[in-house]
Amino acid sequence: MRPSKHPARGARALLGAALTALSVAAALLTGASSAQADTTICEQYGSTTIQGRYVVQNNRWGTSDTQCISVTDSGFRVTQADGSVPTNGAPKSYPSVFNGCHYTNCSPGTNLPMQLSSISSAPTSISYSYVGNAVYDAAYDIWLDPTPRKDGVNRTEIMVWFNRVGPIQPVGSRVDTATVAGRQWEVWSGNNGGNDVLSFVATSTLSSWSFDVMDFVRQTIARGLAQNNWYLTSVQAGFEPWQNGAGLAVNSFSSTVNTGGSTDPGNPGNPGSSCKVVYGTNVWQGGFTADVTVTNTGSSAVNGWRLGFTLPSGQQITGSWDATVSPSSGAVTATSLDYNGQIAPGGQATFGFQGTYSGTFARPASFTLNGTTCTTA
């Protein structure tokens, strides 16, 4: 359990407002120069740009020991990582590359912050190189906030752990397992004293992967830690070392945020609504079935759907048809299959599941289709 996480890029609950001001000032003084081949950065908050569109940052916030990174046009490598910190606390740093805005430092030409409801997809890819003589995680950091903020701490942090070495764990506690973007993940949830943290930990090491950031954002919305009218402020990827770390590298990184999220012009009071859900049930003592119909009320086709909803307390799914539904309780996501993933404008998709319940039976309070809140009937 960590008492606090990312004090220099989070709320700085442990270090106080003075350190917040100091870190921002340091970032402004250091600036974001344009990277040349093998540019070396040892400044605590030093940064530079690569490919004319991403920022690489040293971001040594948790220790006074020296950390240096060597930056090329495609990524960076940690060349010096002195010292260590206890593995039951926060890491030393987060050397990373990002698209978006981090403490007023915005990557060139970024379209972030952007409201989640206006994002159709956010494809990203990365290639990592790992070492064995260190304690660290390799992780994406995806930041969400109710406002389009470019400075300070965001409300919710999504972490996607590709690898972890040593006796470390994410913020909070393990609460679930989930299939996201076609892979299995441990799900951890907690708060570091300044922001909520939802972490997805790979069940086996990933060294490279391409995925859609919005798959994890939709999971976060379904679990109640964000809303569709919030903003994506940055997509970051790098390492959190506790001990050593020299040799860790991001070989390549890409991040794009595409617009085209759905809207409902006929209902300006609910700009994200372009779907309707009919939830029919057959209930008997201790058990039930649910037949769900999803209607696309928007003007463009849905290609691959994910319906998020939260089962009331005491309900447990025991089987499903025409969709993959996971996990079996709490905040769940029903994902389309190969043969029913497209819903034309005005069209419908149906699926169902069987479950058990205790106490008084109730229906889910709300539904989201690919992150968009639906009307119910």
# chains A, B, ... in the order shown; residues from 1 in each chain; ligands from 1
call {"tool": "residues_around", "arguments": {"residues": "region 214-228 of chain A", "least_positions_apart": "3", "cutoff": "8 Å", "atoms": "only C-alpha atoms", "output": "mmCIF file with N, CA, C and O atoms, in the first residue's frame"}}
result
data_model
loop_
_atom_site.group_PDB
_atom_site.id
_atom_site.type_symbol
_atom_site.label_atom_id
_atom_site.label_comp_id
_atom_site.auth_asym_id
_atom_site.auth_seq_id
_atom_site.Cartn_x
_atom_site.Cartn_y
_atom_site.Cartn_z
ATOM 1 N N GLN A 115 -12.956 16.558 -24.600
ATOM 2 C CA GLN A 115 -14.064 15.930 -23.893
ATOM 3 C C GLN A 115 -14.249 14.499 -24.374
ATOM 4 O O GLN A 115 -14.195 14.208 -25.570
ATOM 5 N N LEU A 116 -14.460 13.593 -23.433
ATOM 6 C CA LEU A 116 -14.536 12.174 -23.760
ATOM 7 C C LEU A 116 -15.646 11.876 -24.750
ATOM 8 O O LEU A 116 -15.499 11.021 -25.627
ATOM 9 N N SER A 117 -16.773 12.582 -24.637
ATOM 10 C CA SER A 117 -17.903 12.310 -25.517
ATOM 11 C C SER A 117 -17.614 12.650 -26.967
ATOM 12 O O SER A 117 -18.313 12.182 -27.867
ATOM 13 N N SER A 121 -11.909 7.534 -31.007
ATOM 14 C CA SER A 121 -10.871 6.552 -30.683
ATOM 15 C C SER A 121 -9.607 7.295 -30.289
ATOM 16 O O SER A 121 -9.417 8.460 -30.634
ATOM 17 N N ALA A 122 -8.739 6.605 -29.569
ATOM 18 C CA ALA A 122 -7.457 7.186 -29.144
ATOM 19 C C ALA A 122 -6.384 6.116 -29.277
ATOM 20 O O ALA A 122 -5.868 5.605 -28.278
ATOM 21 N N LEU A 144 -7.648 11.901 -16.479
ATOM 22 C CA LEU A 144 -8.994 12.384 -16.755
ATOM 23 C C LEU A 144 -9.388 13.426 -15.715
ATOM 24 O O LEU A 144 -9.016 13.315 -14.540
ATOM 25 N N ASP A 145 -10.169 14.418 -16.157
ATOM 26 C CA ASP A 145 -10.592 15.468 -15.230
ATOM 27 C C ASP A 145 -11.948 16.024 -15.668
ATOM 28 O O ASP A 145 -12.253 16.036 -16.857
ATOM 29 N N PRO A 146 -12.760 16.499 -14.714
ATOM 30 C CA PRO A 146 -14.045 17.113 -15.089
ATOM 31 C C PRO A 146 -13.881 18.399 -15.888
ATOM 32 O O PRO A 146 -14.841 18.847 -16.524
ATOM 33 N N THR A 156 -8.860 11.813 -11.905
ATOM 34 C CA THR A 156 -8.719 10.355 -12.001
ATOM 35 C C THR A 156 -7.530 9.981 -12.862
ATOM 36 O O THR A 156 -7.319 10.544 -13.937
ATOM 37 N N ILE A 158 -5.693 6.725 -14.694
ATOM 38 C CA ILE A 158 -5.744 5.331 -15.134
ATOM 39 C C ILE A 158 -4.312 4.878 -15.372
ATOM 40 O O ILE A 158 -3.568 5.536 -16.108
ATOM 41 N N VAL A 180 -10.042 -6.353 -21.080
ATOM 42 C CA VAL A 180 -10.073 -5.040 -21.716
ATOM 43 C C VAL A 180 -9.191 -5.094 -22.950
ATOM 44 O O VAL A 180 -8.051 -5.573 -22.878
ATOM 45 N N ALA A 181 -9.722 -4.617 -24.069
ATOM 46 C CA ALA A 181 -8.988 -4.609 -25.336
ATOM 47 C C ALA A 181 -8.452 -5.999 -25.680
ATOM 48 O O ALA A 181 -7.353 -6.141 -26.210
ATOM 49 N N ASP A 196 -8.104 9.790 -7.524
ATOM 50 C CA ASP A 196 -8.454 8.380 -7.655
ATOM 51 C C ASP A 196 -7.516 7.721 -8.655
ATOM 52 O O ASP A 196 -7.101 8.337 -9.643
ATOM 53 N N LEU A 198 -7.164 4.075 -10.880
ATOM 54 C CA LEU A 198 -7.657 2.786 -11.332
ATOM 55 C C LEU A 198 -6.560 2.155 -12.173
ATOM 56 O O LEU A 198 -6.160 2.706 -13.196
ATOM 57 N N GLY A 272 -24.460 13.656 -25.009
ATOM 58 C CA GLY A 272 -23.766 12.415 -25.294
ATOM 59 C C GLY A 272 -24.691 11.251 -25.627
ATOM 60 O O GLY A 272 -24.239 10.163 -25.857
ATOM 61 N N GLY A 308 -21.788 -0.695 -20.848
ATOM 62 C CA GLY A 308 -21.388 -0.689 -19.448
ATOM 63 C C GLY A 308 -22.564 -0.431 -18.532
ATOM 64 O O GLY A 308 -23.427 0.406 -18.822
ATOM 65 N N PHE A 309 -22.623 -1.155 -17.429
ATOM 66 C CA PHE A 309 -23.658 -0.940 -16.428
ATOM 67 C C PHE A 309 -23.198 -1.573 -15.120
ATOM 68 O O PHE A 309 -22.264 -2.389 -15.100
ATOM 69 N N THR A 310 -23.847 -1.199 -14.037
ATOM 70 C CA THR A 310 -23.489 -1.728 -12.721
ATOM 71 C C THR A 310 -24.632 -2.564 -12.173
ATOM 72 O O THR A 310 -25.765 -2.075 -12.041
ATOM 73 N N ALA A 331 -19.515 -3.417 -11.448
ATOM 74 C CA ALA A 331 -19.485 -2.692 -12.721
ATOM 75 C C ALA A 331 -19.063 -3.653 -13.825
ATOM 76 O O ALA A 331 -17.942 -4.148 -13.820
ATOM 77 N N VAL A 332 -19.957 -3.954 -14.745
ATOM 78 C CA VAL A 332 -19.692 -4.948 -15.778
ATOM 79 C C VAL A 332 -19.745 -4.300 -17.157
ATOM 80 O O VAL A 332 -20.312 -3.221 -17.338
ATOM 81 N N THR A 333 -19.175 -4.986 -18.134
ATOM 82 C CA THR A 333 -19.210 -4.539 -19.526
ATOM 83 C C THR A 333 -19.608 -5.714 -20.401
ATOM 84 O O THR A 333 -19.015 -6.791 -20.316
ATOM 85 N N THR A 368 -24.125 2.749 -20.418
ATOM 86 C CA THR A 368 -23.316 3.537 -21.348
ATOM 87 C C THR A 368 -22.923 2.655 -22.523
ATOM 88 O O THR A 368 -22.512 1.506 -22.350
ATOM 89 N N ASN A 370 -20.253 2.378 -25.395
ATOM 90 C CA ASN A 370 -18.937 2.916 -25.782
ATOM 91 C C ASN A 370 -18.665 4.244 -25.091
ATOM 92 O O ASN A 370 -18.127 5.189 -25.678
ATOM 93 N N GLY A 371 -19.053 4.320 -23.803
ATOM 94 C CA GLY A 371 -18.785 5.507 -23.002
ATOM 95 C C GLY A 371 -19.878 6.549 -23.052
ATOM 96 O O GLY A 371 -19.814 7.529 -22.306
ATOM 97 N N THR A 372 -20.876 6.383 -23.917
ATOM 98 C CA THR A 372 -21.958 7.346 -24.068
ATOM 99 C C THR A 372 -23.165 6.919 -23.241
ATOM 100 O O THR A 372 -23.628 5.779 -23.365
ATOM 101 N N THR A 373 -23.690 7.794 -22.419
ATOM 102 C CA THR A 373 -24.849 7.477 -21.586
ATOM 103 C C THR A 373 -26.095 7.298 -22.457
ATOM 104 O O THR A 373 -26.392 8.140 -23.307
#
call {"tool": "residues_around", "arguments": {"residues": "region 93-108 of chain A", "least_positions_apart": "6", "cutoff": "6 Å", "atoms": "only C-alpha atoms", "output": "PDB file with C-alpha atoms, in the first residue's frame"}}
result
ATOM      1  CA  ARG A  53       4.621  16.137 -31.356  1.00  0.00           C
ATOM      2  CA  TYR A  54       5.531  14.425 -28.058  1.00  0.00           C
ATOM      3  CA  VAL A  55       7.232  15.555 -24.838  1.00  0.00           C
ATOM      4  CA  VAL A  56       9.842  13.402 -23.077  1.00  0.00           C
ATOM      5  CA  GLN A  57      10.301  14.281 -19.397  1.00  0.00           C
ATOM      6  CA  ASN A  58      12.803  13.182 -16.766  1.00  0.00           C
ATOM      7  CA  ASN A  59      10.227  13.793 -14.010  1.00  0.00           C
ATOM      8  CA  ARG A  60      12.398  12.820 -11.014  1.00  0.00           C
ATOM      9  CA  TRP A  61       9.960  13.864  -8.313  1.00  0.00           C
ATOM     10  CA  GLY A  62      10.398  11.352  -5.470  1.00  0.00           C
ATOM     11  CA  LYS A 150      -3.661  21.887 -18.385  1.00  0.00           C
ATOM     12  CA  ASP A 151      -2.157  22.454 -14.936  1.00  0.00           C
ATOM     13  CA  GLY A 152      -2.181  20.729 -11.570  1.00  0.00           C
ATOM     14  CA  THR A 233      -5.875  15.599 -20.624  1.00  0.00           C
ATOM     15  CA  SER A 234      -2.840  13.421 -21.421  1.00  0.00           C
ATOM     16  CA  VAL A 235      -1.652   9.988 -22.518  1.00  0.00           C
ATOM     17  CA  GLN A 236       1.727   9.142 -20.969  1.00  0.00           C
ATOM     18  CA  ALA A 237       3.988   6.087 -21.003  1.00  0.00           C
ATOM     19  CA  GLY A 238       7.180   5.313 -19.128  1.00  0.00           C
ATOM     20  CA  PHE A 239       8.596   3.722 -15.983  1.00  0.00           C
ATOM     21  CA  GLU A 240       8.165   4.006 -12.230  1.00  0.00           C
TER      22      GLU A 240
END
call {"tool": "select_by_dssp", "arguments": {"residues": "region 147-236 of chain A", "states": "strand (DSSP E)", "output": "PDB file with C-alpha atoms, in the first residue's frame"}}
result
ATOM      1  CA  THR A 156      -8.719  10.355 -12.001  1.00  0.00           C
ATOM      2  CA  GLU A 157      -5.586   8.509 -13.066  1.00  0.00           C
ATOM      3  CA  ILE A 158      -5.744   5.331 -15.134  1.00  0.00           C
ATOM      4  CA  MET A 159      -2.616   3.199 -15.031  1.00  0.00           C
ATOM      5  CA  VAL A 160      -1.975   0.319 -17.448  1.00  0.00           C
ATOM      6  CA  TRP A 161       0.917  -1.809 -16.155  1.00  0.00           C
ATOM      7  CA  PHE A 162       2.713  -3.731 -18.915  1.00  0.00           C
ATOM      8  CA  ASN A 163       5.328  -5.148 -16.526  1.00  0.00           C
ATOM      9  CA  ARG A 164       6.348  -5.103 -12.877  1.00  0.00           C
ATOM     10  CA  VAL A 165       9.527  -6.370 -11.278  1.00  0.00           C
ATOM     11  CA  SER A 173      -6.184  -2.924  -3.449  1.00  0.00           C
ATOM     12  CA  ARG A 174      -7.055  -5.527  -6.028  1.00  0.00           C
ATOM     13  CA  VAL A 175     -10.811  -5.422  -6.624  1.00  0.00           C
ATOM     14  CA  ASP A 176     -11.452  -7.404  -9.788  1.00  0.00           C
ATOM     15  CA  THR A 177     -10.235  -9.031 -12.977  1.00  0.00           C
ATOM     16  CA  ALA A 178     -11.393  -7.807 -16.373  1.00  0.00           C
ATOM     17  CA  THR A 179     -10.952  -8.351 -20.075  1.00  0.00           C
ATOM     18  CA  VAL A 180     -10.073  -5.040 -21.716  1.00  0.00           C
ATOM     19  CA  ARG A 183      -6.502  -9.010 -22.756  1.00  0.00           C
ATOM     20  CA  GLN A 184      -6.896 -10.147 -19.169  1.00  0.00           C
ATOM     21  CA  TRP A 185      -6.006  -7.680 -16.395  1.00  0.00           C
ATOM     22  CA  GLU A 186      -5.930  -7.494 -12.628  1.00  0.00           C
ATOM     23  CA  VAL A 187      -7.944  -4.421 -11.595  1.00  0.00           C
ATOM     24  CA  TRP A 188      -6.762  -2.323  -8.643  1.00  0.00           C
ATOM     25  CA  SER A 189      -8.546   0.700  -7.229  1.00  0.00           C
ATOM     26  CA  GLY A 190      -7.589   3.293  -4.641  1.00  0.00           C
ATOM     27  CA  ASN A 191      -6.788   6.913  -3.875  1.00  0.00           C
ATOM     28  CA  ASP A 196      -8.454   8.380  -7.655  1.00  0.00           C
ATOM     29  CA  VAL A 197      -6.317   5.690  -9.286  1.00  0.00           C
ATOM     30  CA  LEU A 198      -7.657   2.786 -11.332  1.00  0.00           C
ATOM     31  CA  SER A 199      -4.898   0.375 -12.384  1.00  0.00           C
ATOM     32  CA  PHE A 200      -4.957  -2.470 -14.891  1.00  0.00           C
ATOM     33  CA  VAL A 201      -2.072  -4.903 -14.378  1.00  0.00           C
ATOM     34  CA  ALA A 202      -1.176  -7.338 -17.175  1.00  0.00           C
ATOM     35  CA  SER A 208       5.029  -3.954 -26.973  1.00  0.00           C
ATOM     36  CA  TRP A 209       1.368  -3.412 -27.778  1.00  0.00           C
ATOM     37  CA  SER A 210      -1.039  -1.254 -29.784  1.00  0.00           C
ATOM     38  CA  PHE A 211      -4.448  -0.485 -28.292  1.00  0.00           C
ATOM     39  CA  ASP A 212      -7.209   2.097 -27.951  1.00  0.00           C
ATOM     40  CA  TYR A 231     -11.843  15.430 -20.391  1.00  0.00           C
ATOM     41  CA  LEU A 232      -8.850  13.369 -21.454  1.00  0.00           C
ATOM     42  CA  THR A 233      -5.875  15.599 -20.624  1.00  0.00           C
ATOM     43  CA  SER A 234      -2.840  13.421 -21.421  1.00  0.00           C
ATOM     44  CA  VAL A 235      -1.652   9.988 -22.518  1.00  0.00           C
ATOM     45  CA  GLN A 236       1.727   9.142 -20.969  1.00  0.00           C
TER      46      GLN A 236
END
call {"tool": "closest_residue", "arguments": {"among": "A:Ser204, A:Thr356, A:Gly166, A:Val277", "to": "Asn133 (chain A)", "atoms": "only C-alpha atoms"}}
result
A:Gly166
call {"tool": "residues_around", "arguments": {"residues": "Gly319 (chain A)", "least_positions_apart": "4", "cutoff": "9 Å", "atoms": "only C-alpha atoms", "output": "MDAnalysis selection string"}}
result
chainID A and resid 325 328 352:355
call {"tool": "closest_residue", "arguments": {"among": "A:Leu369, A:Cys68, A:Asp137, A:Thr63", "to": "Glu43 (chain A)", "atoms": "only C-alpha atoms"}}
result
A:Cys68
call {"tool": "residues_around", "arguments": {"residues": "Gly287 (chain A)", "least_positions_apart": "5", "cutoff": "12 Å", "atoms": "only C-alpha atoms", "output": "list in words"}}
result
Thr281, Asn282, Gly314, Gln315, Gln316, Ile317, Thr318, Gly319, Phe353, Gln354, Gly355, Thr356, Tyr357, Ser358, Gly359, Thr360, Phe361 and Ala362 of chain A
call {"tool": "atom_distance", "arguments": {"atom1": "CA of Ala90 (chain A)", "atom2": "CA of Pro167 (chain A)"}}
result
12.4 Å
call {"tool": "closest_residue", "arguments": {"among": "A:Val171, A:Ile69, A:Val135, A:Val278", "to": "Ala249 (chain A)", "atoms": "only C-alpha atoms"}}
result
A:Ile69
